[in-house]
$ cat structure-v9.cif   # mmCIF, C-alpha atoms
data_start
loop_
_atom_site.label_atom_id
_atom_site.label_comp_id
_atom_site.auth_asym_id
_atom_site.auth_seq_id
_atom_site.Cartn_x
_atom_site.Cartn_y
_atom_site.Cartn_z
CA MET A 1 95.47 43.20 128.25
CA GLN A 2 94.09 41.73 125.03
CA LYS A 3 92.19 44.94 124.29
CA PHE A 4 95.31 47.00 124.99
CA LEU A 5 97.24 44.91 122.50
CA GLU A 6 94.47 45.38 119.96
CA TYR A 7 94.59 49.16 120.27
CA TRP A 8 98.37 49.44 120.69
CA PRO A 9 99.06 50.27 116.99
CA LEU A 10 96.47 53.07 117.20
CA ILE A 11 97.87 54.34 120.50
CA LEU A 12 101.41 54.26 119.11
CA SER A 13 100.32 56.12 115.97
CA LEU A 14 98.61 58.77 118.12
CA ILE A 15 101.71 59.18 120.30
CA LEU A 16 103.94 59.54 117.23
CA PHE A 17 101.53 62.05 115.67
CA VAL A 18 101.31 64.22 118.80
CA THR A 19 105.09 64.07 119.25
CA SER A 20 105.69 65.03 115.61
CA VAL A 21 103.28 67.95 115.84
CA GLY A 22 104.99 69.12 119.04
CA ILE A 23 108.44 68.94 117.46
CA PHE A 24 107.23 70.79 114.36
CA LEU A 25 105.56 73.56 116.38
CA HIS A 26 108.67 74.00 118.52
CA TRP A 27 110.88 74.24 115.44
CA ASN A 28 108.39 76.49 113.65
CA ASN A 29 108.41 78.94 116.55
CA THR A 30 112.10 78.90 117.48
CA ALA A 31 114.06 78.34 114.24
CA LEU A 32 115.03 81.80 113.01
CA GLN A 33 114.69 82.61 109.32
CA VAL A 34 116.61 85.36 107.53
CA THR A 35 114.80 86.99 104.60
CA LYS A 36 116.95 89.11 102.29
CA TYR A 37 115.79 91.88 99.96
CA THR A 38 117.53 94.29 97.64
CA VAL A 39 115.99 97.72 97.09
CA SER A 40 117.22 99.83 94.20
CA SER A 41 116.54 103.45 93.35
CA SER A 42 118.11 106.24 91.35
CA ARG A 43 117.55 108.35 94.48
CA ILE A 44 119.98 106.28 96.58
CA PRO A 45 123.39 108.03 96.65
CA GLU A 46 126.26 106.05 95.19
CA SER A 47 128.00 106.03 98.58
CA PHE A 48 125.11 103.99 100.00
CA ALA A 49 125.33 101.24 97.38
CA GLY A 50 125.60 98.00 99.35
CA PHE A 51 124.35 99.61 102.57
CA ARG A 52 122.90 96.81 104.73
CA ILE A 53 119.92 97.34 107.04
CA VAL A 54 118.81 94.59 109.42
CA GLN A 55 115.25 94.85 110.72
CA ILE A 56 114.00 93.40 114.01
CA SER A 57 110.31 93.61 114.77
CA ASP A 58 107.78 92.37 117.31
CA LEU A 59 110.26 90.71 119.65
CA HIS A 60 107.64 90.69 122.45
CA ASN A 61 110.27 89.96 125.11
CA THR A 62 111.12 86.67 123.39
CA ALA A 63 114.57 85.09 123.79
CA PHE A 64 116.23 82.90 121.17
CA GLY A 65 118.92 81.19 123.20
CA LYS A 66 120.38 82.50 126.44
CA ASP A 67 120.38 86.31 126.34
CA ASN A 68 119.19 86.04 122.73
CA CYS A 69 122.55 84.64 121.68
CA ARG A 70 121.13 82.92 118.56
CA LEU A 71 119.33 86.04 117.40
CA LEU A 72 122.39 88.21 117.93
CA ALA A 73 124.65 85.70 116.18
CA ASP A 74 122.42 85.77 113.09
CA ILE A 75 122.42 89.57 113.09
CA ARG A 76 126.19 89.67 113.46
CA ALA A 77 126.60 87.30 110.51
CA LEU A 78 124.68 89.74 108.30
CA SER A 79 127.23 92.55 108.98
CA PRO A 80 124.62 95.31 109.21
CA ASP A 81 125.45 98.97 108.73
CA ILE A 82 122.46 99.78 110.93
CA ILE A 83 119.83 97.84 112.88
CA VAL A 84 116.23 99.07 112.91
CA ILE A 85 113.62 97.95 115.46
CA THR A 86 110.04 98.55 114.35
CA GLY A 87 108.04 98.30 117.54
CA ASP A 88 106.67 95.82 120.06
CA ILE A 89 110.11 95.05 121.44
CA VAL A 90 108.21 94.33 124.67
CA HIS A 91 105.01 92.45 125.36
CA ALA A 92 104.38 93.65 128.88
CA SER A 93 106.46 94.32 131.95
CA PRO A 94 109.03 93.13 132.92
CA LYS A 95 111.13 94.34 130.00
CA GLU A 96 114.59 93.05 130.92
CA LYS A 97 114.87 90.65 127.95
CA ALA A 98 114.10 93.47 125.53
CA LEU A 99 116.60 95.82 127.15
CA GLN A 100 119.27 93.12 127.25
CA PHE A 101 118.80 92.51 123.53
CA ALA A 102 119.01 96.25 122.78
CA ARG A 103 122.12 96.59 124.91
CA GLN A 104 123.88 93.96 122.80
CA ALA A 105 122.44 95.13 119.47
CA VAL A 106 124.08 98.56 119.76
CA GLU A 107 127.44 96.80 120.05
CA LEU A 108 126.89 95.30 116.59
CA ALA A 109 125.74 98.43 114.72
CA PRO A 110 124.00 101.78 115.27
CA THR A 111 120.47 100.87 116.35
CA TYR A 112 117.26 102.85 115.72
CA TYR A 113 113.86 102.22 117.24
CA VAL A 114 110.20 103.21 116.93
CA SER A 115 107.35 102.20 119.22
CA GLY A 116 104.56 99.72 118.61
CA ASN A 117 101.13 99.35 120.10
CA HIS A 118 102.39 97.22 122.99
CA GLU A 119 104.69 99.98 124.20
CA HIS A 120 101.63 102.19 124.59
CA ARG A 121 100.24 99.74 127.15
CA MET A 122 103.10 100.20 129.60
CA ASP A 123 105.31 102.86 131.18
CA TYR A 124 106.75 103.81 127.80
CA GLU A 125 108.51 106.98 128.92
CA THR A 126 110.72 104.92 131.23
CA LEU A 127 111.32 102.36 128.47
CA PHE A 128 112.31 105.04 125.96
CA ALA A 129 114.66 106.64 128.48
CA GLN A 130 116.28 103.27 129.21
CA LEU A 131 116.73 102.52 125.49
CA THR A 132 118.28 105.95 124.95
CA GLU A 133 120.66 105.43 127.89
CA ILE A 134 121.74 102.09 126.36
CA GLY A 135 122.61 103.87 123.12
CA VAL A 136 119.55 103.19 120.96
CA THR A 137 118.33 106.14 118.89
CA VAL A 138 114.61 106.44 119.66
CA LEU A 139 112.81 108.11 116.76
CA ARG A 140 109.70 109.78 118.14
CA ASN A 141 108.26 111.55 115.10
CA ARG A 142 111.62 112.84 113.95
CA SER A 143 114.32 112.08 111.42
CA VAL A 144 118.11 111.91 111.40
CA SER A 145 120.75 112.06 108.69
CA LEU A 146 122.91 109.10 107.75
CA GLU A 147 126.08 110.27 105.99
CA LYS A 148 128.76 108.53 103.93
CA ASN A 149 131.48 110.19 101.89
CA GLY A 150 129.71 113.53 101.92
CA GLU A 151 126.40 112.03 100.73
CA MET A 152 123.27 111.62 102.83
CA ILE A 153 120.00 109.75 103.24
CA ARG A 154 117.35 110.37 105.89
CA LEU A 155 116.06 107.91 108.46
CA ALA A 156 112.70 108.89 109.93
CA GLY A 157 110.49 107.28 112.53
CA ILE A 158 106.95 107.76 113.76
CA GLU A 159 105.34 106.47 116.92
CA ASP A 160 102.44 104.04 116.80
CA PRO A 161 99.13 105.84 116.09
CA LEU A 162 97.89 105.02 119.60
CA PHE A 163 100.27 107.75 120.80
CA TYR A 164 98.50 110.47 118.76
CA PRO A 165 94.77 109.57 118.46
CA ASP A 166 93.80 113.11 117.44
CA GLU A 167 96.31 113.47 114.59
CA THR A 168 96.75 111.72 111.26
CA VAL A 169 99.75 109.73 110.15
CA GLU A 170 100.31 112.24 107.36
CA GLU A 171 100.51 115.03 109.95
CA LYS A 172 103.30 113.12 111.70
CA ILE A 173 105.27 112.15 108.58
CA SER A 174 105.17 115.35 106.52
CA PRO A 175 107.13 117.57 108.96
CA ILE A 176 109.99 115.08 109.23
CA MET A 177 110.57 114.65 105.49
CA HIS A 178 113.78 116.38 104.47
CA GLY A 179 113.94 118.04 101.07
CA ASP A 180 114.67 115.65 98.23
CA ALA A 181 116.79 113.19 100.23
CA TYR A 182 116.14 109.47 99.91
CA THR A 183 114.01 108.79 103.00
CA ILE A 184 113.59 105.57 104.97
CA LEU A 185 110.67 105.47 107.39
CA LEU A 186 110.37 103.24 110.45
CA SER A 187 106.74 102.65 111.40
CA HIS A 188 104.98 99.81 113.17
CA ARG A 189 101.85 99.64 111.02
CA PRO A 190 101.75 98.18 107.47
CA GLU A 191 98.08 98.98 106.90
CA LEU A 192 99.08 102.66 106.57
CA PHE A 193 100.93 102.01 103.29
CA ASP A 194 98.80 104.50 101.33
CA SER A 195 99.85 107.24 103.75
CA TYR A 196 103.53 106.40 103.26
CA VAL A 197 103.02 106.62 99.50
CA GLN A 198 101.16 109.91 99.78
CA CYS A 199 103.95 111.44 101.88
CA GLY A 200 106.65 110.45 99.39
CA VAL A 201 108.47 107.94 101.59
CA ASP A 202 111.03 105.94 99.59
CA LEU A 203 111.33 102.87 101.82
CA ALA A 204 109.22 101.94 104.84
CA PHE A 205 110.00 99.23 107.39
CA THR A 206 106.94 97.92 109.26
CA GLY A 207 105.87 94.99 111.43
CA HIS A 208 102.76 94.45 113.59
CA ALA A 209 101.14 91.85 111.30
CA HIS A 210 103.15 88.84 112.54
CA GLY A 211 102.83 87.46 109.03
CA GLY A 212 99.20 86.69 109.78
CA GLN A 213 100.32 84.47 112.72
CA PHE A 214 98.93 81.38 110.97
CA ARG A 215 99.98 81.21 107.31
CA LEU A 216 98.21 79.04 104.77
CA PRO A 217 100.07 77.61 101.77
CA LEU A 218 99.42 79.61 98.55
CA ILE A 219 97.17 82.00 100.50
CA GLY A 220 99.30 83.76 103.11
CA GLY A 221 98.37 85.20 106.48
CA LEU A 222 95.07 84.23 108.06
CA TYR A 223 94.37 87.24 110.29
CA VAL A 224 96.04 90.54 111.14
CA PRO A 225 94.93 93.12 113.73
CA ASN A 226 93.44 96.24 112.10
CA GLN A 227 93.05 94.36 108.81
CA GLY A 228 90.98 91.30 109.63
CA LEU A 229 90.84 87.99 107.80
CA PHE A 230 93.09 87.29 104.79
CA PRO A 231 94.84 90.67 105.04
CA LYS A 232 96.42 92.48 102.11
CA TYR A 233 99.49 93.58 104.06
CA ASP A 234 100.76 90.59 106.02
CA ALA A 235 104.43 90.08 105.05
CA GLY A 236 106.97 90.79 102.34
CA LEU A 237 107.71 93.63 99.93
CA PHE A 238 105.03 95.96 98.55
CA THR A 239 105.61 98.68 95.96
CA SER A 240 103.56 101.65 94.78
CA GLY A 241 105.20 104.30 92.63
CA ARG A 242 108.58 105.06 94.13
CA THR A 243 107.58 103.79 97.59
CA ASN A 244 108.65 100.36 98.81
CA MET A 245 107.32 98.89 102.05
CA ILE A 246 108.79 95.85 103.79
CA ILE A 247 106.68 94.02 106.37
CA SER A 248 108.57 91.83 108.80
CA ARG A 249 106.77 88.73 110.06
CA GLY A 250 108.36 89.51 113.40
CA LEU A 251 109.90 87.28 116.03
CA GLY A 252 107.62 86.79 119.01
CA ASN A 253 103.96 86.15 119.73
CA SER A 254 101.33 88.40 121.24
CA SER A 255 97.67 87.33 121.21
CA PHE A 256 98.29 83.77 120.01
CA PRO A 257 100.68 81.43 121.84
CA PHE A 258 102.29 80.01 118.69
CA ARG A 259 102.88 80.51 114.95
CA LEU A 260 101.95 78.10 112.19
CA PHE A 261 103.94 77.82 108.92
CA ASN A 262 105.40 81.15 109.94
CA ARG A 263 108.90 81.03 111.40
CA PRO A 264 110.29 84.02 113.35
CA GLU A 265 111.95 86.34 110.87
CA ILE A 266 114.99 88.59 110.64
CA VAL A 267 114.89 90.94 107.63
CA ALA A 268 118.03 92.13 105.85
CA VAL A 269 117.83 94.81 103.14
CA THR A 270 120.66 95.86 100.87
CA LEU A 271 120.38 99.22 99.12
CA ILE A 272 121.42 99.46 95.47
CA SER A 273 122.07 102.76 93.72
CA ASN A 274 121.18 102.93 90.04
CA ALA A 275 121.70 106.67 89.84
CA PHE A 276 123.92 106.33 86.78
CA SER A 277 122.22 103.40 85.04
#

$ encode --input "structure-v9.cif" --output "structure tokens"
Amino acid sequence: MQKFLEYWPLILSLILFVTSVGIFLHWNNTALQVTKYTVSSSRIPESFAGFRIVQISDLHNTAFGKDNCRLLADIRALSPDIIVITGDIVHASPKEKALQFARQAVELAPTYYVSGNHEHRMDYETLFAQLTEIGVTVLRNRSVSLEKNGEMIRLAGIEDPLFYPDETVEEKISPIMHGDAYTILLSHRPELFDSYVQCGVDLAFTGHAHGGQFRLPLIGGLYVPNQGLFPKYDAGLFTSGRTNMIISRGLGNSSFPFRLFNRPEIVAVTLISNAFS
């Protein structure tokens, strides 16, 4: 008993430390963060000034609240004109959580989706058919027009490269570019930024990197698949010429069970037209 009393301050300190770490990790992995960007271009039609795009990426079947009520509430509060989902909405079967989220997302705004690498690991044809039946527009190497007041921008989407191992990304993007229209590309992979620039994409939404999963202060992401340690493209906004690329840190986890200094992220982008400035 005497020895226990001697070590009690140490034991108490250890209990408090472990509890604090547990609380922090829980908060760090469940407290949603909204990151807002504005993207301006003289190529954006005046009718699309103020157009709001909400990006969801790498959900990995995760739920934030019952039936993703917290995630959906945050999206609703952003009043999106469209919602874009940039891959890995599932982690593996079953996929009910992902489908339930998509079913409710389309009630908030028109929703567009491209595949990630995790979709390639499952019965993706059934998943794509189910998403389409729900009302999600699945962009499989194609583009669609978004129109307002007689003006138009293009929204294009390419599948994850695992779906076309014998073709290049440029071969998938080039045919779906549409004249001189301002073009937004949905793609899962940020490491392909040079290809987006080469193809003349105006704005690309990507994910996959999970923000580096573990983020170090003043340094950024620790490791990203297909890029390795201390990756260049881990999160945030990147610009080259007229091309902007936004990398979402995503929402769920895949290979690692938790995030560190890297809260799950919802991205909101507002377009600004400076055509007459």

$ closest_residue --input "structure-v9.cif" --among "A:Glu119, A:Asp74, A:Glu265, A:Asp234" --to "Leu162 in chain A" --atoms "all atoms listed in the file"
A:Glu119

$ residues_near_point --input "structure-v9.cif" --point "(118.9, 96.8, 98.0)" --cutoff "6 Å" --atoms "all atoms listed in the file" --output "list of chain:residue names"
A:Thr38, A:Val39, A:Ser40, A:Val269, A:Thr270, A:Leu271, A:Ile272

$ atom_distance --input "structure-v9.cif" --atom1 "CA of Tyr164 in chain A" --atom2 "CA of Glu125 in chain A"
14.7 Å

$ resolve_selection --input "structure-v9.cif" --expression "the PyMOL selection byres ((chain A and resi 221) around 9)" --output "list in words"
Ala209, His210, Gly211, Gly212, Gln213, Phe214, Arg215, Leu216, Ile219, Gly220, Leu222, Tyr223, Val224, Leu229, Phe230, Pro231, Lys232, Tyr233, Asp234, Ala235 and Asn262 of chain A

$ residues_around --input "structure-v9.cif" --residues "Thr111 in chain A" --least-positions-apart "2" --cutoff "12 Å" --atoms "all atoms listed in the file" --output "PyMOL selection string"
chain A and resi 53-56+75+80-86+101-109+113-114+131-132+134-139+155+186

$ atom_distance --input "structure-v9.cif" --atom1 "CA of Asn29 in chain A" --atom2 "CA of Gly65 in chain A"
12.6 Å

$ resolve_selection --input "structure-v9.cif" --expression "the PyMOL selection byres ((chain A and resi 68) around 12)" --output "ChimeraX atom specification"
/A:30,32,59,61-67,69-75,96-105,251

$ atom_distance --input "structure-v9.cif" --atom1 "CA of Thr35 in chain A" --atom2 "CA of Glu191 in chain A"
20.7 Å

$ residues_around --input "structure-v9.cif" --residues "Asp202 in chain A" --least-positions-apart "3" --cutoff "8 Å" --atoms "only C-alpha atoms" --output "PyMOL selection string"
chain A and resi 182-185+242-244

$ residues_near_point --input "structure-v9.cif" --point "(131.0, 108.0, 102.1)" --cutoff "9 Å" --atoms "only C-alpha atoms" --output "PyMOL selection string"
chain A and resi 46-48+147-152

$ closest_atom_pairs --input "structure-v9.cif" --of "range 103-199 of chain A" --to "range 88-93 of chain A" --cutoff "8 Å" --atoms "only C-alpha atoms" --output "tab-separated table"
residue	atom	partner	partner_atom	distance
A:Ser115	CA	A:Asp88	CA	6.5
A:Gly116	CA	A:Asp88	CA	4.7
A:Asn117	CA	A:Asp88	CA	6.6
A:His118	CA	A:Asp88	CA	5.4
A:Glu119	CA	A:Asp88	CA	6.2
A:Arg121	CA	A:Ala92	CA	7.6
A:Met122	CA	A:Ala92	CA	6.7

$ closest_residue --input "structure-v9.cif" --among "A:Ser145, A:Ser174, A:Gln198, A:Thr206" --to "Met245 in chain A" --atoms "all atoms listed in the file"
A:Thr206

$ closest_residue --input "structure-v9.cif" --among "A:Ile153, A:Ala204, A:Leu260, A:Leu78" --to "Ser273 in chain A" --atoms "all atoms listed in the file"
A:Ile153

$ closest_residue --input "structure-v9.cif" --among "A:Ser255, A:Arg140, A:Leu203, A:Arg189" --to "Ile176 in chain A" --atoms "all atoms listed in the file"
A:Arg140

$ build_atoms --input "structure-v9.cif" --residues "range 256-267 of chain A" --atoms "all heavy atoms" --output "tab-separated table (two decimals), in the frame of the given file"
chain	number	residue	atom	x	y	z
A	256	PHE	N	98.29	85.22	120.16
A	256	PHE	CA	98.29	83.77	120.01
A	256	PHE	C	99.58	83.20	120.60
A	256	PHE	O	100.63	83.80	120.50
A	256	PHE	CB	98.18	83.39	118.53
A	256	PHE	CG	96.90	83.83	117.89
A	256	PHE	CD1	96.86	84.99	117.14
A	256	PHE	CD2	95.75	83.09	118.03
A	256	PHE	CE1	95.69	85.41	116.54
A	256	PHE	CE2	94.56	83.49	117.44
A	256	PHE	CZ	94.52	84.66	116.69
A	257	PRO	N	99.49	82.00	121.18
A	257	PRO	CA	100.68	81.43	121.84
A	257	PRO	C	101.71	80.84	120.88
A	257	PRO	O	102.82	80.53	121.29
A	257	PRO	CB	100.10	80.35	122.75
A	257	PRO	CG	98.83	79.93	122.07
A	257	PRO	CD	98.29	81.17	121.42
A	258	PHE	N	101.34	80.62	119.61
A	258	PHE	CA	102.29	80.01	118.69
A	258	PHE	C	102.00	80.46	117.26
A	258	PHE	O	100.92	80.98	116.95
A	258	PHE	CB	102.27	78.48	118.78
A	258	PHE	CG	100.96	77.85	118.38
A	258	PHE	CD1	100.74	77.43	117.07
A	258	PHE	CD2	99.95	77.66	119.32
A	258	PHE	CE1	99.53	76.85	116.70
A	258	PHE	CE2	98.74	77.07	118.95
A	258	PHE	CZ	98.53	76.67	117.65
A	259	ARG	N	102.99	80.24	116.38
A	259	ARG	CA	102.88	80.51	114.95
A	259	ARG	C	102.69	79.19	114.21
A	259	ARG	O	103.10	78.14	114.70
A	259	ARG	CB	104.17	81.16	114.44
A	259	ARG	CG	104.48	82.51	115.04
A	259	ARG	CD	105.95	82.86	114.82
A	259	ARG	NE	106.22	84.24	115.15
A	259	ARG	CZ	106.32	85.22	114.26
A	259	ARG	NH1	106.24	84.94	112.96
A	259	ARG	NH2	106.53	86.45	114.62
A	260	LEU	N	102.13	79.29	113.00
A	260	LEU	CA	101.95	78.10	112.19
A	260	LEU	C	102.40	78.41	110.76
A	260	LEU	O	101.90	79.36	110.15
A	260	LEU	CB	100.49	77.64	112.20
A	260	LEU	CG	100.20	76.31	111.49
A	260	LEU	CD1	100.94	75.15	112.17
A	260	LEU	CD2	98.69	76.03	111.47
A	261	PHE	N	103.34	77.61	110.25
A	261	PHE	CA	103.94	77.82	108.92
A	261	PHE	C	104.46	79.26	108.80
A	261	PHE	O	104.27	79.92	107.78
A	261	PHE	CB	102.93	77.52	107.80
A	261	PHE	CG	102.37	76.14	107.85
A	261	PHE	CD1	101.02	75.92	108.09
A	261	PHE	CD2	103.19	75.04	107.68
A	261	PHE	CE1	100.50	74.64	108.15
A	261	PHE	CE2	102.69	73.74	107.73
A	261	PHE	CZ	101.33	73.54	107.96
A	262	ASN	N	105.08	79.73	109.85
A	262	ASN	CA	105.40	81.15	109.94
A	262	ASN	C	106.55	81.34	110.93
A	262	ASN	O	106.37	81.81	112.03
A	262	ASN	CB	104.15	81.92	110.40
A	262	ASN	CG	104.37	83.41	110.47
A	262	ASN	OD1	105.29	83.96	109.86
A	262	ASN	ND2	103.53	84.09	111.23
A	263	ARG	N	107.76	80.98	110.50
A	263	ARG	CA	108.90	81.03	111.40
A	263	ARG	C	109.25	82.47	111.78
A	263	ARG	O	108.99	83.41	111.01
A	263	ARG	CB	110.10	80.37	110.74
A	263	ARG	CG	110.00	78.86	110.65
A	263	ARG	CD	111.00	78.29	109.68
A	263	ARG	NE	112.37	78.63	110.03
A	263	ARG	CZ	113.41	78.43	109.22
A	263	ARG	NH1	113.23	77.91	108.02
A	263	ARG	NH2	114.63	78.77	109.61
A	264	PRO	N	109.82	82.68	112.96
A	264	PRO	CA	110.29	84.02	113.35
A	264	PRO	C	111.33	84.53	112.36
A	264	PRO	O	112.21	83.79	111.93
A	264	PRO	CB	110.88	83.82	114.74
A	264	PRO	CG	111.10	82.34	114.86
A	264	PRO	CD	110.09	81.68	114.00
A	265	GLU	N	111.21	85.82	112.02
A	265	GLU	CA	111.95	86.34	110.87
A	265	GLU	C	112.86	87.52	111.22
A	265	GLU	O	112.46	88.45	111.93
A	265	GLU	CB	110.96	86.80	109.80
A	265	GLU	CG	111.59	87.36	108.54
A	265	GLU	CD	110.56	87.84	107.53
A	265	GLU	OE1	109.64	88.59	107.93
A	265	GLU	OE2	110.67	87.46	106.35
A	266	ILE	N	114.08	87.46	110.68
A	266	ILE	CA	114.99	88.59	110.64
A	266	ILE	C	115.01	89.08	109.20
A	266	ILE	O	115.13	88.28	108.27
A	266	ILE	CB	116.42	88.19	111.06
A	266	ILE	CG1	116.43	87.59	112.46
A	266	ILE	CG2	117.37	89.38	110.97
A	266	ILE	CD1	117.74	86.90	112.81
A	267	VAL	N	114.88	90.37	108.99
A	267	VAL	CA	114.89	90.94	107.63
A	267	VAL	C	116.21	91.66	107.40
A	267	VAL	O	116.68	92.40	108.26
A	267	VAL	CB	113.71	91.92	107.43
A	267	VAL	CG1	113.87	92.70	106.13
A	267	VAL	CG2	112.39	91.16	107.44
